[in-house]
Structures are given as structure tokens and as C-alpha cells.
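Visitor: So here's final19.txt, just compact mmCIF, N, CA and C atoms:
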```
# COMPACT_ATOMS: atom_id res chain seq x y z
N MET N 1 0.82 -1.18 0.00
CA MET N 1 0.00 0.00 0.00
C MET N 1 0.87 1.25 0.00
N ALA N 2 1.93 1.27 0.79
CA ALA N 2 2.81 2.43 0.88
C ALA N 2 3.50 2.69 -0.46
N GLN N 3 3.84 1.61 -1.17
CA GLN N 3 4.49 1.75 -2.47
C GLN N 3 3.54 2.41 -3.47
N ALA N 4 2.28 2.05 -3.44
CA ALA N 4 1.29 2.65 -4.34
C ALA N 4 1.12 4.14 -4.03
N GLU N 5 1.12 4.48 -2.75
CA GLU N 5 1.00 5.89 -2.36
C GLU N 5 2.21 6.69 -2.83
N GLU N 6 3.42 6.09 -2.72
CA GLU N 6 4.62 6.77 -3.17
C GLU N 6 4.56 6.99 -4.68
N SER N 7 4.12 5.99 -5.43
CA SER N 7 4.02 6.12 -6.88
C SER N 7 3.04 7.22 -7.26
N PHE N 8 1.90 7.26 -6.57
CA PHE N 8 0.90 8.26 -6.86
C PHE N 8 1.43 9.66 -6.54
N GLU N 9 2.12 9.81 -5.40
CA GLU N 9 2.68 11.10 -5.03
C GLU N 9 3.74 11.54 -6.05
N GLN N 10 4.55 10.59 -6.51
CA GLN N 10 5.57 10.90 -7.51
C GLN N 10 4.90 11.35 -8.80
N PHE N 11 3.83 10.66 -9.20
CA PHE N 11 3.09 11.03 -10.40
C PHE N 11 2.52 12.44 -10.27
N GLU N 12 1.95 12.76 -9.11
CA GLU N 12 1.39 14.09 -8.89
C GLU N 12 2.47 15.16 -9.00
N GLU N 13 3.65 14.89 -8.45
CA GLU N 13 4.74 15.86 -8.51
C GLU N 13 5.19 16.07 -9.95
N GLU N 14 5.33 14.98 -10.71
CA GLU N 14 5.73 15.08 -12.11
C GLU N 14 4.68 15.84 -12.91
N GLU N 15 3.41 15.57 -12.63
CA GLU N 15 2.31 16.22 -13.34
C GLU N 15 2.33 17.72 -13.06
N ALA N 16 2.61 18.10 -11.83
CA ALA N 16 2.65 19.51 -11.46
C ALA N 16 3.80 20.23 -12.16
N GLU N 17 4.89 19.51 -12.43
CA GLU N 17 6.05 20.11 -13.08
C GLU N 17 5.87 20.26 -14.58
N ALA N 18 4.94 19.52 -15.18
CA ALA N 18 4.74 19.57 -16.62
C ALA N 18 4.14 20.91 -17.01
N PRO N 19 4.64 21.52 -18.09
CA PRO N 19 4.09 22.81 -18.52
C PRO N 19 2.66 22.67 -19.00
N LEU N 20 1.90 23.76 -18.87
CA LEU N 20 0.51 23.76 -19.29
C LEU N 20 0.44 23.49 -20.79
N GLY N 21 -0.47 22.61 -21.21
CA GLY N 21 -0.63 22.31 -22.62
C GLY N 21 0.30 21.22 -23.12
N ALA N 22 1.02 20.58 -22.23
CA ALA N 22 1.95 19.52 -22.61
C ALA N 22 1.70 18.30 -21.75
N THR N 23 2.12 17.15 -22.24
CA THR N 23 1.98 15.93 -21.47
C THR N 23 3.25 15.69 -20.68
N LEU N 24 3.23 14.63 -19.90
CA LEU N 24 4.44 14.29 -19.13
C LEU N 24 5.60 13.97 -20.05
N SER N 25 5.30 13.42 -21.23
CA SER N 25 6.36 13.09 -22.17
C SER N 25 6.87 14.33 -22.89
N GLY N 26 6.26 15.49 -22.61
CA GLY N 26 6.70 16.73 -23.23
C GLY N 26 6.01 17.01 -24.55
N ARG N 27 5.12 16.14 -24.96
CA ARG N 27 4.42 16.31 -26.24
C ARG N 27 3.37 17.40 -26.10
N LYS N 28 3.35 18.29 -27.06
CA LYS N 28 2.38 19.37 -27.06
C LYS N 28 1.00 18.81 -27.40
N ARG N 29 -0.01 19.36 -26.79
CA ARG N 29 -1.37 18.96 -27.08
C ARG N 29 -1.76 19.47 -28.46
N LEU N 30 -2.17 18.55 -29.33
CA LEU N 30 -2.45 18.90 -30.71
C LEU N 30 -3.93 19.15 -30.99
N PHE N 31 -4.81 18.43 -30.31
CA PHE N 31 -6.22 18.44 -30.66
C PHE N 31 -7.13 18.97 -29.55
N SER N 32 -6.57 19.64 -28.56
CA SER N 32 -7.37 20.06 -27.40
C SER N 32 -8.56 20.92 -27.79
N LYS N 33 -8.34 21.90 -28.62
CA LYS N 33 -9.43 22.81 -29.00
C LYS N 33 -10.54 22.05 -29.72
N GLU N 34 -10.16 21.23 -30.69
CA GLU N 34 -11.14 20.47 -31.46
C GLU N 34 -11.89 19.47 -30.58
N LEU N 35 -11.16 18.81 -29.69
CA LEU N 35 -11.81 17.83 -28.81
C LEU N 35 -12.78 18.50 -27.85
N ARG N 36 -12.41 19.67 -27.35
CA ARG N 36 -13.34 20.41 -26.47
C ARG N 36 -14.64 20.72 -27.21
N CYS N 37 -14.52 21.18 -28.45
CA CYS N 37 -15.71 21.49 -29.26
C CYS N 37 -16.52 20.23 -29.53
N MET N 38 -15.85 19.13 -29.84
CA MET N 38 -16.56 17.87 -30.09
C MET N 38 -17.26 17.38 -28.84
N MET N 39 -16.58 17.47 -27.71
CA MET N 39 -17.18 17.02 -26.46
C MET N 39 -18.42 17.84 -26.14
N TYR N 40 -18.33 19.15 -26.34
CA TYR N 40 -19.49 20.01 -26.11
C TYR N 40 -20.62 19.65 -27.08
N GLY N 41 -20.28 19.40 -28.33
CA GLY N 41 -21.27 19.02 -29.33
C GLY N 41 -21.96 17.71 -29.02
N PHE N 42 -21.27 16.83 -28.32
CA PHE N 42 -21.85 15.54 -27.94
C PHE N 42 -22.46 15.56 -26.54
N GLY N 43 -22.64 16.77 -25.97
CA GLY N 43 -23.39 16.87 -24.73
C GLY N 43 -22.59 17.14 -23.47
N ASP N 44 -21.30 17.31 -23.58
CA ASP N 44 -20.50 17.63 -22.38
C ASP N 44 -20.67 19.12 -22.06
N ASP N 45 -20.06 19.53 -20.98
CA ASP N 45 -20.08 20.93 -20.56
C ASP N 45 -19.34 21.77 -21.60
N GLN N 46 -19.66 23.05 -21.68
CA GLN N 46 -19.00 23.92 -22.65
C GLN N 46 -17.50 24.00 -22.39
N ASN N 47 -17.11 23.91 -21.13
CA ASN N 47 -15.70 23.88 -20.74
C ASN N 47 -15.42 22.58 -20.00
N PRO N 48 -15.17 21.49 -20.74
CA PRO N 48 -14.94 20.20 -20.06
C PRO N 48 -13.64 20.22 -19.27
N TYR N 49 -13.55 19.32 -18.31
CA TYR N 49 -12.34 19.21 -17.50
C TYR N 49 -11.12 18.97 -18.40
N THR N 50 -10.05 19.64 -18.07
CA THR N 50 -8.81 19.49 -18.84
C THR N 50 -8.34 18.04 -18.81
N GLU N 51 -8.52 17.38 -17.67
CA GLU N 51 -8.11 15.97 -17.55
C GLU N 51 -8.89 15.09 -18.54
N SER N 52 -10.16 15.40 -18.72
CA SER N 52 -10.99 14.62 -19.66
C SER N 52 -10.51 14.83 -21.09
N VAL N 53 -10.23 16.07 -21.43
CA VAL N 53 -9.74 16.39 -22.78
C VAL N 53 -8.38 15.73 -23.00
N ASP N 54 -7.51 15.79 -22.02
CA ASP N 54 -6.18 15.18 -22.13
C ASP N 54 -6.28 13.67 -22.30
N LEU N 55 -7.16 13.03 -21.53
CA LEU N 55 -7.35 11.59 -21.65
C LEU N 55 -7.85 11.23 -23.04
N LEU N 56 -8.84 11.96 -23.51
CA LEU N 56 -9.39 11.71 -24.84
C LEU N 56 -8.32 11.92 -25.91
N GLU N 57 -7.52 12.96 -25.76
CA GLU N 57 -6.45 13.20 -26.73
C GLU N 57 -5.42 12.07 -26.71
N ASP N 58 -5.08 11.57 -25.53
CA ASP N 58 -4.16 10.43 -25.45
C ASP N 58 -4.72 9.23 -26.21
N LEU N 59 -6.02 8.99 -26.07
CA LEU N 59 -6.65 7.87 -26.77
C LEU N 59 -6.63 8.09 -28.29
N VAL N 60 -6.89 9.31 -28.72
CA VAL N 60 -6.89 9.63 -30.15
C VAL N 60 -5.49 9.44 -30.73
N ILE N 61 -4.49 9.96 -30.03
CA ILE N 61 -3.10 9.83 -30.50
C ILE N 61 -2.70 8.36 -30.56
N GLU N 62 -3.09 7.59 -29.55
CA GLU N 62 -2.77 6.16 -29.53
C GLU N 62 -3.43 5.45 -30.72
N PHE N 63 -4.69 5.77 -31.00
CA PHE N 63 -5.41 5.16 -32.11
C PHE N 63 -4.73 5.51 -33.44
N ILE N 64 -4.42 6.78 -33.63
CA ILE N 64 -3.79 7.22 -34.88
C ILE N 64 -2.43 6.54 -35.05
N THR N 65 -1.68 6.47 -33.97
CA THR N 65 -0.35 5.84 -34.03
C THR N 65 -0.46 4.37 -34.39
N GLU N 66 -1.37 3.65 -33.74
CA GLU N 66 -1.53 2.23 -34.03
C GLU N 66 -1.98 1.99 -35.46
N MET N 67 -2.95 2.78 -35.93
CA MET N 67 -3.43 2.63 -37.30
C MET N 67 -2.32 2.93 -38.30
N THR N 68 -1.52 3.94 -38.01
CA THR N 68 -0.43 4.29 -38.91
C THR N 68 0.60 3.18 -38.97
N HIS N 69 0.95 2.63 -37.82
CA HIS N 69 1.92 1.52 -37.80
C HIS N 69 1.38 0.31 -38.56
N LYS N 70 0.12 -0.02 -38.34
CA LYS N 70 -0.48 -1.15 -39.05
C LYS N 70 -0.50 -0.89 -40.55
N ALA N 71 -0.87 0.33 -40.95
CA ALA N 71 -0.94 0.67 -42.37
C ALA N 71 0.44 0.61 -43.02
N MET N 72 1.47 0.97 -42.26
CA MET N 72 2.83 0.92 -42.79
C MET N 72 3.30 -0.51 -43.00
N GLU N 73 2.72 -1.44 -42.27
CA GLU N 73 3.13 -2.84 -42.37
C GLU N 73 2.45 -3.57 -43.51
N ILE N 74 1.23 -3.18 -43.88
CA ILE N 74 0.48 -4.00 -44.83
C ILE N 74 0.71 -3.65 -46.30
N GLY N 75 0.79 -2.39 -46.63
CA GLY N 75 0.93 -1.99 -48.03
C GLY N 75 2.38 -1.98 -48.43
N ARG N 76 2.73 -0.92 -49.14
CA ARG N 76 4.14 -0.72 -49.44
C ARG N 76 4.82 -0.37 -48.13
N THR N 77 5.74 -1.18 -47.73
CA THR N 77 6.38 -1.03 -46.43
C THR N 77 6.96 0.37 -46.26
N GLY N 78 6.63 0.97 -45.13
CA GLY N 78 7.15 2.29 -44.81
C GLY N 78 6.32 3.44 -45.36
N ARG N 79 5.23 3.13 -46.06
CA ARG N 79 4.37 4.19 -46.61
C ARG N 79 2.93 3.92 -46.22
N VAL N 80 2.21 5.00 -46.00
CA VAL N 80 0.78 4.88 -45.68
C VAL N 80 0.00 5.42 -46.87
N GLN N 81 -0.89 4.59 -47.39
CA GLN N 81 -1.73 5.02 -48.50
C GLN N 81 -3.19 4.88 -48.08
N VAL N 82 -4.04 5.61 -48.77
CA VAL N 82 -5.47 5.61 -48.45
C VAL N 82 -6.02 4.18 -48.48
N GLU N 83 -5.61 3.42 -49.44
CA GLU N 83 -6.11 2.05 -49.58
C GLU N 83 -5.77 1.21 -48.35
N ASP N 84 -4.64 1.47 -47.73
CA ASP N 84 -4.24 0.73 -46.53
C ASP N 84 -5.19 1.03 -45.37
N ILE N 85 -5.58 2.28 -45.23
CA ILE N 85 -6.52 2.66 -44.17
C ILE N 85 -7.88 2.03 -44.43
N VAL N 86 -8.33 2.08 -45.67
CA VAL N 86 -9.62 1.47 -46.03
C VAL N 86 -9.57 -0.03 -45.71
N PHE N 87 -8.46 -0.67 -46.03
CA PHE N 87 -8.31 -2.09 -45.75
C PHE N 87 -8.39 -2.38 -44.26
N LEU N 88 -7.78 -1.53 -43.45
CA LEU N 88 -7.77 -1.75 -42.00
C LEU N 88 -9.15 -1.58 -41.36
N VAL N 89 -9.99 -0.72 -41.91
CA VAL N 89 -11.31 -0.47 -41.30
C VAL N 89 -12.43 -1.23 -41.99
N ARG N 90 -12.11 -2.06 -42.96
CA ARG N 90 -13.13 -2.73 -43.77
C ARG N 90 -14.12 -3.57 -42.96
N LYS N 91 -13.70 -4.12 -41.84
CA LYS N 91 -14.59 -4.99 -41.05
C LYS N 91 -15.44 -4.22 -40.04
N ASP N 92 -15.11 -2.96 -39.81
CA ASP N 92 -15.90 -2.11 -38.92
C ASP N 92 -16.80 -1.26 -39.81
N SER N 93 -18.06 -1.65 -39.91
CA SER N 93 -18.96 -1.02 -40.88
C SER N 93 -19.12 0.48 -40.68
N ARG N 94 -19.13 0.94 -39.44
CA ARG N 94 -19.29 2.38 -39.19
C ARG N 94 -18.06 3.16 -39.64
N LYS N 95 -16.89 2.65 -39.30
CA LYS N 95 -15.66 3.34 -39.72
C LYS N 95 -15.51 3.28 -41.24
N TYR N 96 -15.82 2.12 -41.81
CA TYR N 96 -15.71 1.96 -43.26
C TYR N 96 -16.63 2.93 -43.98
N ALA N 97 -17.86 3.04 -43.52
CA ALA N 97 -18.82 3.96 -44.15
C ALA N 97 -18.34 5.40 -44.02
N ARG N 98 -17.81 5.77 -42.87
CA ARG N 98 -17.33 7.13 -42.66
C ARG N 98 -16.14 7.43 -43.56
N VAL N 99 -15.21 6.48 -43.67
CA VAL N 99 -14.04 6.68 -44.54
C VAL N 99 -14.50 6.85 -45.98
N LYS N 100 -15.43 6.02 -46.42
CA LYS N 100 -15.94 6.13 -47.79
C LYS N 100 -16.62 7.48 -48.02
N ASP N 101 -17.42 7.93 -47.05
CA ASP N 101 -18.08 9.24 -47.16
C ASP N 101 -17.05 10.36 -47.27
N LEU N 102 -16.03 10.31 -46.43
CA LEU N 102 -15.01 11.36 -46.46
C LEU N 102 -14.22 11.35 -47.77
N LEU N 103 -13.93 10.17 -48.28
CA LEU N 103 -13.21 10.08 -49.56
C LEU N 103 -14.07 10.61 -50.70
N THR N 104 -15.36 10.30 -50.69
CA THR N 104 -16.28 10.79 -51.72
C THR N 104 -16.38 12.31 -51.65
N MET N 105 -16.53 12.85 -50.43
CA MET N 105 -16.59 14.31 -50.27
C MET N 105 -15.30 14.97 -50.75
N ASN N 106 -14.18 14.35 -50.47
CA ASN N 106 -12.90 14.90 -50.89
C ASN N 106 -12.82 14.98 -52.42
N GLU N 107 -13.27 13.94 -53.09
CA GLU N 107 -13.28 13.94 -54.56
C GLU N 107 -14.20 15.02 -55.10
N GLU N 108 -15.38 15.17 -54.49
CA GLU N 108 -16.31 16.20 -54.92
C GLU N 108 -15.73 17.60 -54.73
N LEU N 109 -15.04 17.81 -53.62
CA LEU N 109 -14.40 19.10 -53.38
C LEU N 109 -13.30 19.38 -54.40
N LYS N 110 -12.52 18.35 -54.74
CA LYS N 110 -11.48 18.52 -55.76
C LYS N 110 -12.09 18.93 -57.09
N LYS N 111 -13.17 18.26 -57.48
CA LYS N 111 -13.84 18.58 -58.75
C LYS N 111 -14.40 19.99 -58.72
N ALA N 112 -15.00 20.38 -57.60
CA ALA N 112 -15.58 21.72 -57.49
C ALA N 112 -14.48 22.79 -57.57
N ARG N 113 -13.35 22.55 -56.92
CA ARG N 113 -12.24 23.51 -56.97
C ARG N 113 -11.70 23.64 -58.39
N LYS N 114 -11.58 22.49 -59.05
CA LYS N 114 -11.07 22.49 -60.43
C LYS N 114 -12.02 23.25 -61.34
N ALA N 115 -13.33 22.99 -61.22
CA ALA N 115 -14.32 23.69 -62.03
C ALA N 115 -14.29 25.19 -61.74
N PHE N 116 -14.16 25.56 -60.48
CA PHE N 116 -14.10 26.97 -60.10
C PHE N 116 -12.87 27.64 -60.71
N ASP N 117 -11.72 26.96 -60.62
CA ASP N 117 -10.48 27.51 -61.17
C ASP N 117 -10.58 27.66 -62.69
N GLU N 118 -11.20 26.69 -63.38
CA GLU N 118 -11.35 26.76 -64.83
C GLU N 118 -12.22 27.95 -65.22
N VAL N 119 -13.31 28.16 -64.50
CA VAL N 119 -14.20 29.30 -64.78
C VAL N 119 -13.47 30.60 -64.48
N LYS N 120 -12.75 30.63 -63.38
CA LYS N 120 -12.03 31.83 -62.95
C LYS N 120 -10.98 32.22 -63.99
N TYR N 121 -10.21 31.26 -64.47
CA TYR N 121 -9.13 31.55 -65.43
C TYR N 121 -9.65 31.73 -66.85
N ALA N 122 -10.80 31.15 -67.18
CA ALA N 122 -11.35 31.28 -68.52
C ALA N 122 -11.84 32.71 -68.74
N GLY N 123 -12.22 33.40 -67.69
CA GLY N 123 -12.74 34.74 -67.81
C GLY N 123 -11.68 35.82 -67.89
N ILE N 124 -10.41 35.47 -67.67
CA ILE N 124 -9.34 36.46 -67.69
C ILE N 124 -8.79 36.56 -69.11
N PRO N 125 -8.87 37.77 -69.73
CA PRO N 125 -8.32 37.93 -71.09
C PRO N 125 -6.80 37.95 -71.05
N ASN N 126 -6.19 37.40 -72.09
CA ASN N 126 -4.72 37.37 -72.18
C ASN N 126 -4.19 38.56 -72.90
```
Could you quickly redo this structure as C-alpha cells?
Guide:
Amino acid sequence: MAQAEESFEQFEEEEAEAPLGATLSGRKRLFSKELRCMMYGFGDDQNPYTESVDLLEDLVIEFITEMTHKAMEIGRTGRVQVEDIVFLVRKDSRKYARVKDLLTMNEELKKARKAFDEVKYAGIPN
């Protein structure tokens, strides 16, 4: 029991020494603002606890890291391609549907930008 208390006290001291907006590993918080907005959108308080946001960000970073490592192993070694991500989420119907929706939207945006640029440049006399 005393050993657990010592570990917890040591953790608290290290946590207090960490700069605001950074983790114990020194990594800067990348998604805090977006996660706060998402949490509020899903019913949390407008200003959720920093600990909750930090925990969620740790989970997001862990997920992204694991998916990236897996994607690097399956396709062309050392490279991540869209097809590798689609392959990894193919058995999870919700993730697969979301990835497909995002890819479709991305293609539509590319086409719209291209059409806009063509109209924009076609109207300029040389």
C-alpha cells in the first residue's frame, strides 16, 4: 500500500512540473481545442475538464499511431496510403462507411475547386 501511495505522489509531482498544454512526455497537445468542441457538441459541458480532454487526446493519439503503424506494415512497407486505411477499417462497418463518405466528399471538393479555377481563369483575357 505504501508503495502505491509513493508512486501516486511521484506522479502528482511530475504532473505539477509539466508545462501547461503539454503531457508528461513533453508532447504538445495537438487536438485540445477540437476535442473540447466535439465534447461540447456531444453533450458535455461547454468547458470540459482538462483531464478529460487530455485523456481523450491520449486515446486519439494512440489510435492514430496504431493505425499508422499497421498501415505501414500491410501496403508498401514504410508508406501509408489511403487504400491501406480502407483495408484496415473494412470490417468495422461504421468506420468503413465514414471513410468512404469522407473520400467521396474529398473527390467532390477537388472537382468543385477544379471547375471553379477553370471558370475563374477562362474569364481572364490574355
Visitor: For the atom pair atom N of N:Gly78 and atom N of N:Ile64, what is the interatomic distance in Å to one decimal place?
Guide: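 Going from atom N of N:Gly78 over to atom N of N:Ile64 covers 17.0 Å.
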Visitor: Between atom CA of N:Leu30 and atom CA of N:Glu57, what distance in Å does the model show, to one decimal?
Guide: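 Going from atom CA of N:Leu30 over to atom CA of N:Glu57, I get 8.0 Å.
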Visitor: Hey, which of N:Lys120, N:Lys33, N:Arg113, N:Lys100 ends up closest to N:Val86? Count all atoms listed in the file.
Guide: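 With all atoms listed in the file as the atom set, the closest residue is N:Lys100.
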Visitor: Could you please determine the separation between atom C of N:Thr65 and atom N of N:Arg27 in Å, to one decimal place?
Guide: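 It comes out at 16.1 Å.
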Visitor: Which is closest to N:Ile85 among N:Phe31, N:Thr50, N:Lys70, N:Ala97, if we use only C-alpha atoms?
Guide: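 Among the listed residues, N:Lys70 lies closest to N:Ile85.
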Visitor: Run DSSP on the backbone and give me the residues of stretch 11-123 of chain N it puts in helix (DSSP H, G or I), as a ChimeraX atom specification.
Guide: /N:11-17,32-41,50-74,82-89,93-122
Visitor: Starting from the incomplete input, reconstruct all heavy atoms of stretch 45-56 of chain N and report them as a PDB file, in the frame of the given file.
Guide:
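Now in result.pdb:
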```pdb
ATOM      1  N   ASP N  45     -20.060  19.530 -20.980  1.00  0.00           N
ATOM      2  CA  ASP N  45     -20.080  20.930 -20.560  1.00  0.00           C
ATOM      3  C   ASP N  45     -19.340  21.770 -21.600  1.00  0.00           C
ATOM      4  O   ASP N  45     -18.473  21.257 -22.324  1.00  0.00           O
ATOM      5  CB  ASP N  45     -19.390  21.051 -19.195  1.00  0.00           C
ATOM      6  CG  ASP N  45     -19.579  22.413 -18.583  1.00  0.00           C
ATOM      7  OD1 ASP N  45     -20.721  22.721 -18.186  1.00  0.00           O
ATOM      8  OD2 ASP N  45     -18.585  23.156 -18.506  1.00  0.00           O
ATOM      9  N   GLN N  46     -19.660  23.050 -21.680  1.00  0.00           N
ATOM     10  CA  GLN N  46     -19.000  23.920 -22.650  1.00  0.00           C
ATOM     11  C   GLN N  46     -17.500  24.000 -22.390  1.00  0.00           C
ATOM     12  O   GLN N  46     -16.711  24.140 -23.311  1.00  0.00           O
ATOM     13  CB  GLN N  46     -19.609  25.315 -22.632  1.00  0.00           C
ATOM     14  CG  GLN N  46     -19.108  26.190 -23.767  1.00  0.00           C
ATOM     15  CD  GLN N  46     -19.895  27.473 -23.911  1.00  0.00           C
ATOM     16  OE1 GLN N  46     -20.797  27.753 -23.133  1.00  0.00           O
ATOM     17  NE2 GLN N  46     -19.554  28.252 -24.912  1.00  0.00           N
ATOM     18  N   ASN N  47     -17.110  23.910 -21.130  1.00  0.00           N
ATOM     19  CA  ASN N  47     -15.700  23.880 -20.740  1.00  0.00           C
ATOM     20  C   ASN N  47     -15.420  22.580 -20.000  1.00  0.00           C
ATOM     21  O   ASN N  47     -15.410  22.557 -18.767  1.00  0.00           O
ATOM     22  CB  ASN N  47     -15.353  25.088 -19.861  1.00  0.00           C
ATOM     23  CG  ASN N  47     -15.480  26.389 -20.614  1.00  0.00           C
ATOM     24  OD1 ASN N  47     -14.933  26.527 -21.695  1.00  0.00           O
ATOM     25  ND2 ASN N  47     -16.229  27.330 -20.064  1.00  0.00           N
ATOM     26  N   PRO N  48     -15.170  21.490 -20.740  1.00  0.00           N
ATOM     27  CA  PRO N  48     -14.940  20.200 -20.060  1.00  0.00           C
ATOM     28  C   PRO N  48     -13.640  20.220 -19.270  1.00  0.00           C
ATOM     29  O   PRO N  48     -12.756  21.050 -19.508  1.00  0.00           O
ATOM     30  CB  PRO N  48     -14.857  19.204 -21.220  1.00  0.00           C
ATOM     31  CG  PRO N  48     -14.519  20.006 -22.416  1.00  0.00           C
ATOM     32  CD  PRO N  48     -15.065  21.376 -22.185  1.00  0.00           C
ATOM     33  N   TYR N  49     -13.550  19.320 -18.310  1.00  0.00           N
ATOM     34  CA  TYR N  49     -12.340  19.210 -17.500  1.00  0.00           C
ATOM     35  C   TYR N  49     -11.120  18.970 -18.400  1.00  0.00           C
ATOM     36  O   TYR N  49     -11.178  18.175 -19.334  1.00  0.00           O
ATOM     37  CB  TYR N  49     -12.439  18.053 -16.504  1.00  0.00           C
ATOM     38  CG  TYR N  49     -13.420  18.274 -15.388  1.00  0.00           C
ATOM     39  CD1 TYR N  49     -14.387  17.313 -15.104  1.00  0.00           C
ATOM     40  CD2 TYR N  49     -13.386  19.422 -14.612  1.00  0.00           C
ATOM     41  CE1 TYR N  49     -15.290  17.495 -14.076  1.00  0.00           C
ATOM     42  CE2 TYR N  49     -14.286  19.617 -13.577  1.00  0.00           C
ATOM     43  CZ  TYR N  49     -15.235  18.656 -13.324  1.00  0.00           C
ATOM     44  OH  TYR N  49     -16.133  18.838 -12.308  1.00  0.00           O
ATOM     45  N   THR N  50     -10.050  19.640 -18.070  1.00  0.00           N
ATOM     46  CA  THR N  50      -8.810  19.490 -18.840  1.00  0.00           C
ATOM     47  C   THR N  50      -8.340  18.040 -18.810  1.00  0.00           C
ATOM     48  O   THR N  50      -7.849  17.527 -19.821  1.00  0.00           O
ATOM     49  CB  THR N  50      -7.715  20.410 -18.252  1.00  0.00           C
ATOM     50  OG1 THR N  50      -8.191  21.750 -18.285  1.00  0.00           O
ATOM     51  CG2 THR N  50      -6.426  20.315 -19.038  1.00  0.00           C
ATOM     52  N   GLU N  51      -8.520  17.380 -17.670  1.00  0.00           N
ATOM     53  CA  GLU N  51      -8.110  15.970 -17.550  1.00  0.00           C
ATOM     54  C   GLU N  51      -8.890  15.090 -18.540  1.00  0.00           C
ATOM     55  O   GLU N  51      -8.336  14.170 -19.121  1.00  0.00           O
ATOM     56  CB  GLU N  51      -8.319  15.459 -16.121  1.00  0.00           C
ATOM     57  CG  GLU N  51      -7.411  16.107 -15.098  1.00  0.00           C
ATOM     58  CD  GLU N  51      -7.941  17.454 -14.589  1.00  0.00           C
ATOM     59  OE1 GLU N  51      -9.055  17.873 -14.975  1.00  0.00           O
ATOM     60  OE2 GLU N  51      -7.227  18.091 -13.801  1.00  0.00           O
ATOM     61  N   SER N  52     -10.160  15.400 -18.720  1.00  0.00           N
ATOM     62  CA  SER N  52     -10.990  14.620 -19.660  1.00  0.00           C
ATOM     63  C   SER N  52     -10.510  14.830 -21.090  1.00  0.00           C
ATOM     64  O   SER N  52     -10.389  13.879 -21.866  1.00  0.00           O
ATOM     65  CB  SER N  52     -12.461  15.029 -19.562  1.00  0.00           C
ATOM     66  OG  SER N  52     -12.953  14.794 -18.276  1.00  0.00           O
ATOM     67  N   VAL N  53     -10.230  16.070 -21.430  1.00  0.00           N
ATOM     68  CA  VAL N  53      -9.740  16.390 -22.780  1.00  0.00           C
ATOM     69  C   VAL N  53      -8.380  15.730 -23.000  1.00  0.00           C
ATOM     70  O   VAL N  53      -8.142  15.133 -24.062  1.00  0.00           O
ATOM     71  CB  VAL N  53      -9.642  17.918 -22.978  1.00  0.00           C
ATOM     72  CG1 VAL N  53      -9.050  18.245 -24.349  1.00  0.00           C
ATOM     73  CG2 VAL N  53     -11.001  18.574 -22.812  1.00  0.00           C
ATOM     74  N   ASP N  54      -7.510  15.790 -22.020  1.00  0.00           N
ATOM     75  CA  ASP N  54      -6.180  15.180 -22.130  1.00  0.00           C
ATOM     76  C   ASP N  54      -6.280  13.670 -22.300  1.00  0.00           C
ATOM     77  O   ASP N  54      -5.564  13.080 -23.120  1.00  0.00           O
ATOM     78  CB  ASP N  54      -5.325  15.511 -20.910  1.00  0.00           C
ATOM     79  CG  ASP N  54      -4.926  16.982 -20.858  1.00  0.00           C
ATOM     80  OD1 ASP N  54      -5.144  17.700 -21.860  1.00  0.00           O
ATOM     81  OD2 ASP N  54      -4.396  17.408 -19.810  1.00  0.00           O
ATOM     82  N   LEU N  55      -7.160  13.030 -21.530  1.00  0.00           N
ATOM     83  CA  LEU N  55      -7.350  11.590 -21.650  1.00  0.00           C
ATOM     84  C   LEU N  55      -7.850  11.230 -23.040  1.00  0.00           C
ATOM     85  O   LEU N  55      -7.339  10.309 -23.683  1.00  0.00           O
ATOM     86  CB  LEU N  55      -8.330  11.083 -20.592  1.00  0.00           C
ATOM     87  CG  LEU N  55      -8.692   9.601 -20.693  1.00  0.00           C
ATOM     88  CD1 LEU N  55      -7.461   8.735 -20.446  1.00  0.00           C
ATOM     89  CD2 LEU N  55      -9.798   9.250 -19.721  1.00  0.00           C
ATOM     90  N   LEU N  56      -8.840  11.960 -23.510  1.00  0.00           N
ATOM     91  CA  LEU N  56      -9.390  11.710 -24.840  1.00  0.00           C
ATOM     92  C   LEU N  56      -8.320  11.920 -25.910  1.00  0.00           C
ATOM     93  O   LEU N  56      -8.197  11.130 -26.855  1.00  0.00           O
ATOM     94  CB  LEU N  56     -10.594  12.608 -25.088  1.00  0.00           C
ATOM     95  CG  LEU N  56     -11.474  12.268 -26.271  1.00  0.00           C
ATOM     96  CD1 LEU N  56     -11.985  10.835 -26.188  1.00  0.00           C
ATOM     97  CD2 LEU N  56     -12.649  13.233 -26.335  1.00  0.00           C
TER      98      LEU N  56
END
```
